[in-house]
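K.L.:
Handing you a structure now.
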There are 2 protein chains.
Amino acid sequence: MVTLADVARHAGVSASTVSYVLSGKRSISAPTRERIQHSIDALGYRPHAGARALASSRTDILALMMPLRTGLYVPVMMEIAMAVTTTARSHGYDVLLLTGEEGPEAVRRVEGSAIADAMIVMDVELDDPRLPCLREAERPAVLIGLPAASADTVDSADSTVLDCVDLDFEAAGARCVEHLAGLGHTGIAVLGEPPAVYARGTGFAARTLTGLRAAAEAHGVGLLHRPVEGTYAAVAAAVTRIFEERPGTTALVVQNEAIVEPLLALLRHQGRAVPEDVSVAAICPDQVAVHASVPLTAVSVPAQEMGRLAVERLVARLRGEAARGTELIAPLLTERASTGPAAGATRAVAGTGAGAGTGAGTASGAEPTESQVASTEGRRGHGGR
Amino acid sequence: MVTLADVARHAGVSASTVSYVLSGKRSISAPTRERIQHSIDALGYRPHAGARALASSRTDILALMMPLRTGLYVPVMMEIAMAVTTTARSHGYDVLLLTGEEGPEAVRRVEGSAIADAMIVMDVELDDPRLPCLREAERPAVLIGLPAASADTVDSADSTVLDCVDLDFEAAGARCVEHLAGLGHTGIAVLGEPPAVYARGTGFAARTLTGLRAAAEAHGVGLLHRPVEGTYAAVAAAVTRIFEERPGTTALVVQNEAIVEPLLALLRHQGRAVPEDVSVAAICPDQVAVHASVPLTAVSVPAQEMGRLAVERLVARLRGEAARGTELIAPLLTERASTGPAAGATRAVAGTGAGAGTGAGTASGAEPTESQVASTEGRRGHGGR
DNA sequence: ATGAAAGCGCTAACAT
DNA sequence: ATGTTAGCGCTTTCAT
């Protein structure tokens, strides 16, 4: 193994000079630096991670704690993980993958063994058992997701406040209802995540529901909410019941990536045209919305951005910058082919900001120009540095 | 921070004794051990990972290199990653997540910086640029996937031979054709991965095709192969062409998780009943097969087992055991509702081992008892220890 | 069965 | 602008 001492000898300088060339924490004369760099290349030197960690108390590793749970849409998790990893690499960090399975113990392990410099925690529950550990921890952490309302404001003077990054799911829910209400729909049903997701107290699902309900009330539209398992049979049962119980339903909001295609197939099978007979709005990744058999009007779940943002805040904090607090990403609704005016409605009843746009496209195949309708505030929400 | 020295002082012993209690590499008297253990708990001591790595040249970390590519079915990757992580934890290892993006450079980083003790490489291409680095590396590596034919036998005397773990995709392809041929089908079409996957030289896709073709020839059935993008439109185009060009097609083999549901929807829409008019066999994870709108007869892709196996071999090798060579998992075909006798065929024409079983179930909803038909060799293939 | 002590390879004062 | 040196916290000989 090639050590720093080897390089120093080869270049005819002291070990510290080599170290300083590597860290850039001291100005080195150009000739010396070049000579050392040459030796490094010639010998193929790489600093030993363990030695560096021991001496500097920095590992250049970020821990990423991922859920291992049922009912979650896997591609989103994966996209976040990959965005985290590539963003981390671009800042010189590696990523240690932890499963949610270990729970609070994993947090203690990371903290106690100095195995990583900071952590990113996904799939945060409203009252998550890992939070107390995280608060006590020395190392910074960022949650992707939001625990119980305004966890960050609990004691904003305290330095151990938790940082959060997430889509503003409440606004996202509201945005969907607004869009549909603007098209004249007065009976909306929500096909949600599996019951287990709500039961567990997963933040995003609950927050979406809050936003949906608030907007429904504000716009005077009826709202029916049904958690749905990710199977065709479950979708069929839910949809059938919805139309039986509330025949006035003319629009659906889906927040459950697994049932998007089954739902569209079912509606087709039942002879309900989308969007002529029933409009469908979704909260899902763009990719799902675009590739669906009917391109879906949807609020996109910006998985990549969430991962990237989380890493950037963490890196900023590790650099000593004060990137604190909750940062919610403003929802962005893109109109595609799945939503249109309510049958018999005189379009755009209320003045809900965004117009009803090009929604009334044909039911399949076509890829109409996407008209993006940003939320009023622009893409980024409050909080941050 | 609590150090080993703190524990030693607290327990009134020397540092080395504490170390030996932790590692178990020396016999310690019961009283001493208990006293030390008590001090450890009392002080909440955790060994410093960096210090340990420096002193012992072991990190207790496994690197996992995941693809970041398009066209791959994400849930399978994720399942492997999670299986790797949990299995690793159960052996005391943590997992460092690397993206395929970095390519060979990542291998060198891991090697040079001693950042992990070993690595697992996924999404191996037939002629993968990372392989040379891997061969030169000191640290053991296991590939999930198979590079160009029998890479491990190139120089089986050499100690730097690469270990591989994978589903025997060739046998899996053959198994599908056998099953369908046994049901009397004589015209089979294969809906494969997106063209890019084949173009890239991804091992599993090519190997499956080899197996499919060989079996088709052996059983005298016609075989048509079509790579398909993961969109509804692409499936529709492919299927339409297939039935136009070869009206005699009565069975489909799908190896592309993304198009399973679109395909079934399309067939339904076209009025082709599954399995009465057309049988569908798949190569996909069990979960996909079970939850499809028509439960699919399928060779399961055992993602979890692959991840677990890879870790176990690596751990064995790190312990100095000789767990070398390629280990292929024998395919397991489970009959469900999507395959049945070819229309007008006198069932089970050729004597292809496994019988035609309960395949002729109803087309939807029902969950017939699954009859598992193992391959002749049993679950594990050759190689390994 | 236990201690003492020499590093592991690097960083960061403290020199000059 | 560069060199010297004292650790970082642990493992592991070598002693006893």
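Within each chain, counting starts at residue 1; across the structure tokens, chains are named A, B, ... in the order shown, with ligands numbered 1 upward in that order.
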Could you tell me, as a CSV table (one decimal) with N, CA and C atoms, in the first residue's frame, which residues of range 72-175 of chain A DSSP assigns to strand (DSSP E or B) when given the backbone?
P.N.:
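Ended up saving to result-v7.csv:
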chain,number,residue,atom,x,y,z
A,94,ASP,N,-19.3,9.9,0.2
A,94,ASP,CA,-19.9,8.7,-0.1
A,94,ASP,C,-21.1,8.4,0.7
A,95,VAL,N,-21.9,7.4,0.3
A,95,VAL,CA,-23.2,7.2,1.0
A,95,VAL,C,-23.2,5.8,1.6
A,96,LEU,N,-23.6,5.8,2.9
A,96,LEU,CA,-23.7,4.5,3.6
A,96,LEU,C,-25.2,4.2,3.7
A,97,LEU,N,-25.6,3.1,3.2
A,97,LEU,CA,-27.0,2.7,3.2
A,97,LEU,C,-27.5,2.0,4.4
A,98,LEU,N,-28.5,2.6,5.1
A,98,LEU,CA,-29.0,1.9,6.3
A,98,LEU,C,-30.5,1.6,6.0
A,99,THR,N,-30.9,0.5,6.5
A,99,THR,CA,-32.4,0.2,6.4
A,99,THR,C,-33.1,0.8,7.6
A,118,ALA,N,-22.9,12.7,8.9
A,118,ALA,CA,-24.3,13.2,9.0
A,118,ALA,C,-25.2,12.2,8.4
A,119,MET,N,-26.5,12.4,8.7
A,119,MET,CA,-27.5,11.4,8.1
A,119,MET,C,-28.7,12.0,7.5
A,120,ILE,N,-29.2,11.3,6.5
A,120,ILE,CA,-30.5,11.6,5.8
A,120,ILE,C,-31.5,10.6,6.2
A,121,VAL,N,-32.6,11.0,6.6
A,121,VAL,CA,-33.6,10.0,7.1
A,121,VAL,C,-34.9,10.1,6.2
A,125,GLU,N,-42.2,9.2,10.0
A,125,GLU,CA,-43.5,9.1,10.5
A,125,GLU,C,-43.8,10.3,11.3
A,141,ALA,N,-28.5,16.2,10.8
A,141,ALA,CA,-29.4,15.3,10.0
A,141,ALA,C,-30.4,16.0,9.3
A,142,VAL,N,-30.8,15.5,8.1
A,142,VAL,CA,-31.9,16.1,7.4
A,142,VAL,C,-33.0,15.0,7.2
A,143,LEU,N,-34.2,15.3,7.4
A,143,LEU,CA,-35.3,14.4,7.2
A,143,LEU,C,-35.9,14.7,5.8
A,144,ILE,N,-36.1,13.6,5.0
A,144,ILE,CA,-36.9,13.8,3.8
A,144,ILE,C,-38.3,13.4,4.2
A,163,ASP,N,-33.8,19.4,10.6
A,163,ASP,CA,-34.1,20.0,9.3
A,163,ASP,C,-34.9,19.1,8.4
A,164,CYS,N,-35.8,19.6,7.7
A,164,CYS,CA,-36.7,18.8,6.8
A,164,CYS,C,-36.7,19.3,5.4
A,165,VAL,N,-36.8,18.4,4.5
A,165,VAL,CA,-37.0,18.7,3.1
A,165,VAL,C,-38.1,17.8,2.5
A,166,ASP,N,-39.0,18.4,1.9
A,166,ASP,CA,-40.1,17.6,1.3
A,166,ASP,C,-40.9,18.4,0.3
A,167,LEU,N,-41.7,17.6,-0.4
A,167,LEU,CA,-42.7,18.3,-1.3
A,167,LEU,C,-43.8,18.8,-0.3
K.L.:
Compute the set of chain C residues within 9 Å of chain B, using only C-alpha atoms (C1' of nucleotides), and express it as a list in words.
P.N.:
DA1, DT2, DG3, DA4, DG7, DC8 and DG9 of chain C
K.L.:
Residues of chain D within 12 Å of chain A, counting only C-alpha atoms (C1' of nucleotides), what are they? List them as an mmCIF file with N, CA, C and O atoms (P, O5', C5', C4', C3', O3' and C1' of nucleotides), in the first residue's frame.
P.N.:
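What follows is the written file result-v1.cif:
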data_model
loop_
_atom_site.group_PDB
_atom_site.id
_atom_site.type_symbol
_atom_site.label_atom_id
_atom_site.label_comp_id
_atom_site.auth_asym_id
_atom_site.auth_seq_id
_atom_site.Cartn_x
_atom_site.Cartn_y
_atom_site.Cartn_z
ATOM 1 P P DA D 1 3.479 31.127 0.356
ATOM 2 O "O5'" DA D 1 4.312 29.991 -0.307
ATOM 3 C "C5'" DA D 1 5.633 30.154 -0.758
ATOM 4 C "C4'" DA D 1 6.509 29.180 -0.037
ATOM 5 C "C3'" DA D 1 6.035 27.727 -0.046
ATOM 6 O "O3'" DA D 1 7.136 26.907 -0.399
ATOM 7 C "C1'" DA D 1 6.461 28.412 2.182
ATOM 8 P P DT D 2 7.035 25.419 -0.757
ATOM 9 O "O5'" DT D 2 7.352 24.721 0.618
ATOM 10 C "C5'" DT D 2 8.676 24.312 0.896
ATOM 11 C "C4'" DT D 2 8.807 24.004 2.362
ATOM 12 C "C3'" DT D 2 8.459 22.579 2.772
ATOM 13 O "O3'" DT D 2 9.664 21.852 2.914
ATOM 14 C "C1'" DT D 2 7.908 24.203 4.426
ATOM 15 P P DG D 3 9.704 20.307 3.149
ATOM 16 O "O5'" DG D 3 10.143 20.190 4.694
ATOM 17 C "C5'" DG D 3 10.916 21.221 5.260
ATOM 18 C "C4'" DG D 3 11.146 20.996 6.742
ATOM 19 C "C3'" DG D 3 11.042 19.559 7.237
ATOM 20 O "O3'" DG D 3 11.993 19.377 8.295
ATOM 21 C "C1'" DG D 3 9.428 20.898 8.339
ATOM 22 P P DT D 4 12.246 17.935 9.005
ATOM 23 O "O5'" DT D 4 11.956 18.172 10.553
ATOM 24 C "C5'" DT D 4 11.302 19.351 10.993
ATOM 25 C "C4'" DT D 4 10.930 19.193 12.468
ATOM 26 C "C3'" DT D 4 10.929 17.767 13.015
ATOM 27 O "O3'" DT D 4 11.193 17.832 14.405
ATOM 28 C "C1'" DT D 4 8.697 18.584 12.978
ATOM 29 P P DT D 5 11.239 16.512 15.318
ATOM 30 O "O5'" DT D 5 9.717 16.489 15.829
ATOM 31 C "C5'" DT D 5 9.224 17.611 16.549
ATOM 32 C "C4'" DT D 5 7.810 17.328 17.049
ATOM 33 C "C3'" DT D 5 7.605 15.912 17.598
ATOM 34 O "O3'" DT D 5 6.767 16.005 18.722
ATOM 35 C "C1'" DT D 5 5.994 16.332 15.962
ATOM 36 P P DA D 6 6.947 15.001 19.940
ATOM 37 O "O5'" DA D 6 5.516 15.142 20.622
ATOM 38 C "C5'" DA D 6 4.867 16.417 20.656
ATOM 39 C "C4'" DA D 6 3.374 16.245 20.390
ATOM 40 C "C3'" DA D 6 2.755 15.035 21.091
ATOM 41 O "O3'" DA D 6 1.493 15.428 21.600
ATOM 42 C "C1'" DA D 6 2.295 14.913 18.797
ATOM 43 P P DG D 7 0.802 14.591 22.701
ATOM 44 O "O5'" DG D 7 0.837 13.117 22.057
ATOM 45 C "C5'" DG D 7 -0.343 12.315 21.997
ATOM 46 C "C4'" DG D 7 -1.373 12.957 21.086
ATOM 47 C "C3'" DG D 7 -2.571 12.044 20.843
ATOM 48 O "O3'" DG D 7 -3.767 12.768 20.975
ATOM 49 C "C1'" DG D 7 -1.518 12.609 18.780
ATOM 50 P P DC D 8 -4.994 12.097 21.658
ATOM 51 O "O5'" DC D 8 -5.918 11.675 20.431
ATOM 52 C "C5'" DC D 8 -6.629 12.618 19.634
ATOM 53 C "C4'" DC D 8 -7.209 11.885 18.453
ATOM 54 C "C3'" DC D 8 -7.745 10.506 18.812
ATOM 55 O "O3'" DC D 8 -9.148 10.609 19.028
ATOM 56 C "C1'" DC D 8 -6.420 10.476 16.760
ATOM 57 P P DG D 9 -9.756 10.141 20.433
ATOM 58 O "O5'" DG D 9 -9.890 8.563 20.234
ATOM 59 C "C5'" DG D 9 -10.713 8.074 19.185
ATOM 60 C "C4'" DG D 9 -10.388 6.615 18.945
ATOM 61 C "C3'" DG D 9 -10.519 5.713 20.166
ATOM 62 O "O3'" DG D 9 -11.326 4.617 19.793
ATOM 63 C "C1'" DG D 9 -8.445 5.378 19.128
ATOM 64 P P DC D 10 -11.632 3.406 20.740
ATOM 65 O "O5'" DC D 10 -10.776 2.265 20.033
ATOM 66 C "C5'" DC D 10 -11.136 1.849 18.733
ATOM 67 C "C4'" DC D 10 -9.986 1.136 18.065
ATOM 68 C "C3'" DC D 10 -9.695 -0.254 18.624
ATOM 69 O "O3'" DC D 10 -10.255 -1.221 17.726
ATOM 70 C "C1'" DC D 10 -7.697 1.020 18.203
#
K.L.:
Please report, as a tab-separated table, each residue of chain B lying at most 8 Å from chain A, together with the nearest pair of atoms and the separation in Å rounded to one decimal; use only C-alpha atoms, and order rows by chain and ascending residue number.
P.N.:
residue	atom	partner	partner_atom	distance
B:Tyr45	CA	A:Gly112	CA	7.5
B:Arg46	CA	A:Gly112	CA	5.4
B:Pro47	CA	A:Ser113	CA	5.6
B:His48	CA	A:Ser113	CA	4.6
B:Ala49	CA	A:Ser113	CA	5.3
B:Gly50	CA	A:Gly50	CA	4.3
B:Ala51	CA	A:Leu54	CA	5.3
B:Arg52	CA	A:Gly50	CA	7.8
B:Ala53	CA	A:Gly50	CA	5.2
B:Leu54	CA	A:Gly50	CA	5.1
B:Thr59	CA	A:Gly50	CA	7.9
B:Leu68	CA	A:Met82	CA	7.3
B:Val74	CA	A:Pro75	CA	5.9
B:Pro75	CA	A:Val74	CA	5.9
B:Met78	CA	A:Met78	CA	6.7
B:Met82	CA	A:Thr99	CA	7.2
B:Thr85	CA	A:Thr99	CA	7.0
B:Thr86	CA	A:Thr99	CA	7.2
B:Asp94	CA	A:Leu96	CA	7.3
B:Val95	CA	A:Leu97	CA	5.5
B:Leu96	CA	A:Leu96	CA	4.3
B:Leu97	CA	A:Val95	CA	5.5
B:Leu98	CA	A:Thr85	CA	7.1
B:Thr99	CA	A:Thr85	CA	7.0
B:Arg109	CA	A:Arg46	CA	7.7
B:Gly112	CA	A:Arg46	CA	5.3
B:Ser113	CA	A:His48	CA	4.6
B:Ala114	CA	A:His48	CA	6.0
B:Ile115	CA	A:Ala49	CA	5.7
B:Thr231	CA	A:His291	CA	6.0
B:Tyr232	CA	A:Ser293	CA	5.7
B:Ala233	CA	A:Gly365	CA	6.8
B:Glu261	CA	A:Glu261	CA	7.2
B:Pro262	CA	A:Glu261	CA	7.5
B:Ala265	CA	A:Ala265	CA	6.2
B:His269	CA	A:His269	CA	7.9
B:His291	CA	A:Thr231	CA	6.1
B:Ala292	CA	A:Tyr232	CA	7.4
B:Ser293	CA	A:Tyr232	CA	5.8
B:Gly365	CA	A:Ala233	CA	7.2
K.L.:
Only N, CA and C atoms, please: the residues just picked out, written as a compact mmCIF listing (two decimals), in the first residue's frame.
P.N.:
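Ended up saving to part_23.txt:
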# COMPACT_ATOMS: atom_id res chain seq x y z
N TYR B 45 -20.12 2.99 25.55
CA TYR B 45 -18.97 2.98 24.64
C TYR B 45 -19.28 2.35 23.28
N ARG B 46 -18.75 2.95 22.23
CA ARG B 46 -18.81 2.37 20.88
C ARG B 46 -17.44 2.53 20.25
N PRO B 47 -16.90 1.47 19.71
CA PRO B 47 -15.59 1.59 19.07
C PRO B 47 -15.63 2.57 17.90
N HIS B 48 -14.61 3.34 17.77
CA HIS B 48 -14.50 4.30 16.67
C HIS B 48 -14.15 3.57 15.38
N ALA B 49 -15.04 3.69 14.40
CA ALA B 49 -14.87 2.92 13.17
C ALA B 49 -13.54 3.24 12.47
N GLY B 50 -13.19 4.51 12.42
CA GLY B 50 -11.96 4.90 11.74
C GLY B 50 -10.72 4.32 12.42
N ALA B 51 -10.70 4.43 13.71
CA ALA B 51 -9.55 3.92 14.46
C ALA B 51 -9.42 2.41 14.27
N ARG B 52 -10.54 1.76 14.33
CA ARG B 52 -10.53 0.33 14.15
C ARG B 52 -10.03 -0.03 12.74
N ALA B 53 -10.52 0.71 11.77
CA ALA B 53 -10.12 0.44 10.38
C ALA B 53 -8.61 0.64 10.21
N LEU B 54 -8.11 1.68 10.83
CA LEU B 54 -6.69 1.98 10.69
C LEU B 54 -5.83 0.88 11.33
N THR B 59 -12.76 -2.67 7.56
CA THR B 59 -13.72 -1.60 7.75
C THR B 59 -15.09 -2.12 8.18
N LEU B 68 -27.35 2.90 -12.64
CA LEU B 68 -28.12 4.14 -12.60
C LEU B 68 -28.72 4.30 -13.99
N VAL B 74 -36.72 -1.05 -11.68
CA VAL B 74 -36.20 -0.54 -10.44
C VAL B 74 -36.49 -1.39 -9.19
N PRO B 75 -37.73 -1.86 -9.02
CA PRO B 75 -38.01 -2.63 -7.81
C PRO B 75 -37.07 -3.81 -7.59
N MET B 78 -33.88 -2.52 -6.18
CA MET B 78 -34.12 -2.11 -4.80
C MET B 78 -34.20 -3.31 -3.87
N MET B 82 -31.79 -4.00 -0.77
CA MET B 82 -32.25 -4.15 0.61
C MET B 82 -31.86 -5.52 1.18
N THR B 85 -28.31 -5.24 2.10
CA THR B 85 -28.10 -4.46 3.31
C THR B 85 -28.49 -5.23 4.57
N THR B 86 -29.64 -5.86 4.55
CA THR B 86 -30.06 -6.57 5.76
C THR B 86 -29.17 -7.80 6.00
N ASP B 94 -21.74 -3.04 7.27
CA ASP B 94 -22.54 -1.96 6.72
C ASP B 94 -22.34 -1.93 5.22
N VAL B 95 -23.20 -1.19 4.53
CA VAL B 95 -23.13 -1.16 3.08
C VAL B 95 -22.92 0.26 2.55
N LEU B 96 -21.94 0.40 1.72
CA LEU B 96 -21.67 1.68 1.07
C LEU B 96 -22.26 1.64 -0.33
N LEU B 97 -23.09 2.62 -0.63
CA LEU B 97 -23.79 2.62 -1.91
C LEU B 97 -23.03 3.42 -2.96
N LEU B 98 -22.66 2.75 -4.04
CA LEU B 98 -21.98 3.43 -5.14
C LEU B 98 -22.85 3.36 -6.38
N THR B 99 -22.82 4.40 -7.19
CA THR B 99 -23.58 4.32 -8.43
C THR B 99 -22.69 3.79 -9.54
N ARG B 109 -11.27 3.57 -6.28
CA ARG B 109 -11.43 4.35 -5.05
C ARG B 109 -11.59 3.45 -3.84
N GLY B 112 -8.24 1.65 -3.34
CA GLY B 112 -7.14 2.50 -2.91
C GLY B 112 -7.33 3.13 -1.55
N SER B 113 -8.54 3.55 -1.27
CA SER B 113 -8.78 4.24 0.00
C SER B 113 -9.16 3.30 1.12
N ALA B 114 -9.22 2.02 0.81
CA ALA B 114 -9.58 1.05 1.84
C ALA B 114 -10.87 1.47 2.53
N ILE B 115 -11.81 1.84 1.69
CA ILE B 115 -13.06 2.37 2.21
C ILE B 115 -14.06 1.27 2.49
N THR B 231 -43.59 1.32 -22.57
CA THR B 231 -44.78 2.16 -22.66
C THR B 231 -45.93 1.38 -23.27
N TYR B 232 -47.11 1.86 -22.99
CA TYR B 232 -48.31 1.22 -23.51
C TYR B 232 -48.29 1.20 -25.04
N ALA B 233 -47.92 2.33 -25.60
CA ALA B 233 -47.91 2.45 -27.06
C ALA B 233 -46.95 1.43 -27.68
N GLU B 261 -48.59 -5.12 -17.12
CA GLU B 261 -49.97 -4.65 -16.98
C GLU B 261 -50.49 -4.05 -18.29
N PRO B 262 -49.71 -3.21 -18.94
CA PRO B 262 -50.15 -2.72 -20.25
C PRO B 262 -50.49 -3.85 -21.21
N ALA B 265 -53.79 -5.43 -20.28
CA ALA B 265 -54.87 -4.51 -20.61
C ALA B 265 -55.13 -4.53 -22.12
N HIS B 269 -58.44 -5.63 -24.13
CA HIS B 269 -59.03 -4.65 -25.02
C HIS B 269 -59.22 -5.20 -26.43
N HIS B 291 -49.52 -10.21 -8.45
CA HIS B 291 -50.43 -9.07 -8.40
C HIS B 291 -50.94 -8.60 -9.75
N ALA B 292 -50.52 -9.24 -10.80
CA ALA B 292 -50.99 -8.83 -12.12
C ALA B 292 -52.50 -9.04 -12.22
N SER B 293 -53.13 -8.34 -13.14
CA SER B 293 -54.59 -8.44 -13.23
C SER B 293 -55.00 -9.85 -13.65
N GLY B 365 -59.34 -12.59 -11.55
CA GLY B 365 -59.86 -12.61 -10.18
C GLY B 365 -59.45 -13.84 -9.39
K.L.:
Show which residues sit within 8 Å of Gly192 in chain B, as a ChimeraX atom specification. Count only C-alpha atoms (C1' of nucleotides), and ignore same-chain residues fewer than 3 positions away.
P.N.:
/B:205,225-228,254-256
K.L.:
Store the residues picked out above in a file with N, CA, C and O atoms, as a compact mmCIF listing (two decimals), in the first residue's frame.
P.N.:
# COMPACT_ATOMS: atom_id res chain seq x y z
N ALA B 205 -30.31 -10.44 -20.25
CA ALA B 205 -31.24 -10.41 -21.38
C ALA B 205 -30.74 -11.31 -22.51
O ALA B 205 -31.51 -12.10 -23.09
N HIS B 225 -38.85 -12.79 -31.52
CA HIS B 225 -38.39 -11.96 -30.39
C HIS B 225 -38.50 -10.48 -30.70
O HIS B 225 -38.05 -10.02 -31.75
N ARG B 226 -39.10 -9.74 -29.80
CA ARG B 226 -39.27 -8.29 -29.97
C ARG B 226 -38.88 -7.55 -28.70
O ARG B 226 -39.53 -7.70 -27.68
N PRO B 227 -37.83 -6.75 -28.77
CA PRO B 227 -37.54 -5.85 -27.64
C PRO B 227 -38.67 -4.82 -27.59
O PRO B 227 -39.18 -4.42 -28.63
N VAL B 228 -39.05 -4.41 -26.38
CA VAL B 228 -40.16 -3.46 -26.24
C VAL B 228 -39.83 -2.39 -25.20
O VAL B 228 -39.41 -2.70 -24.09
N VAL B 254 -43.00 -12.90 -21.61
CA VAL B 254 -42.66 -11.51 -21.30
C VAL B 254 -41.47 -11.45 -20.36
O VAL B 254 -41.47 -12.07 -19.30
N GLN B 255 -40.47 -10.69 -20.75
CA GLN B 255 -39.37 -10.41 -19.84
C GLN B 255 -39.18 -8.90 -19.83
O GLN B 255 -38.32 -8.35 -20.53
N ASN B 256 -40.06 -8.24 -19.11
CA ASN B 256 -40.05 -6.78 -19.07
C ASN B 256 -41.18 -6.37 -18.12
O ASN B 256 -42.32 -6.19 -18.52
K.L.:
From a DSSP pass on the backbone, collect the residues of range 125-234 of chain A flagged as helix (DSSP H, G or I) and hand them back as a VMD selection string.
P.N.:
chain A and resid 130 to 136 151 to 153 169 to 182 195 to 199 203 to 219 232 to 234
K.L.:
Would you compute the distance between CA of Gly201 in chain B and CA of Glu178 in chain B? Give it in Å to one decimal.
P.N.:
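Straight-line distance from CA of Gly201 in chain B to CA of Glu178 in chain B works out to 25.5 Å.
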K.L.:
In terms of the shortest atom-to-atom distance over only C-alpha atoms, which of B:Ala11, B:Val299, B:Arg130, B:Ile188 is closest to Ile242 in chain B?
P.N.:
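Smallest distance to Ile242 in chain B is found for B:Ile188.
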K.L.:
One decimal, Å: what's the distance from C1' of DA12 in chain C over to CA of Ala137 in chain A, could you say?
P.N.:
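Computing it gives 25.5 Å between the two atoms.
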K.L.:
Of the candidates A:Ala322, A:Leu328, A:Ala238, A:Leu309, which one gets nearest to Phe204 in chain A if we count only C-alpha atoms?
P.N.:
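Under the stated criterion, the closest residue is A:Leu328.
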K.L.:
At what distance in Å, to one decimal, does CA of Thr297 in chain B lie from CA of Ala174 in chain B?
P.N.:
14.2 Å
K.L.:
So, counting only C-alpha atoms, which residue among A:Leu212, A:Leu4, A:Ile80, A:Ala218 is closest to Pro302 in chain A?
P.N.:
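With only C-alpha atoms as the atom set, the closest residue is A:Ile80.
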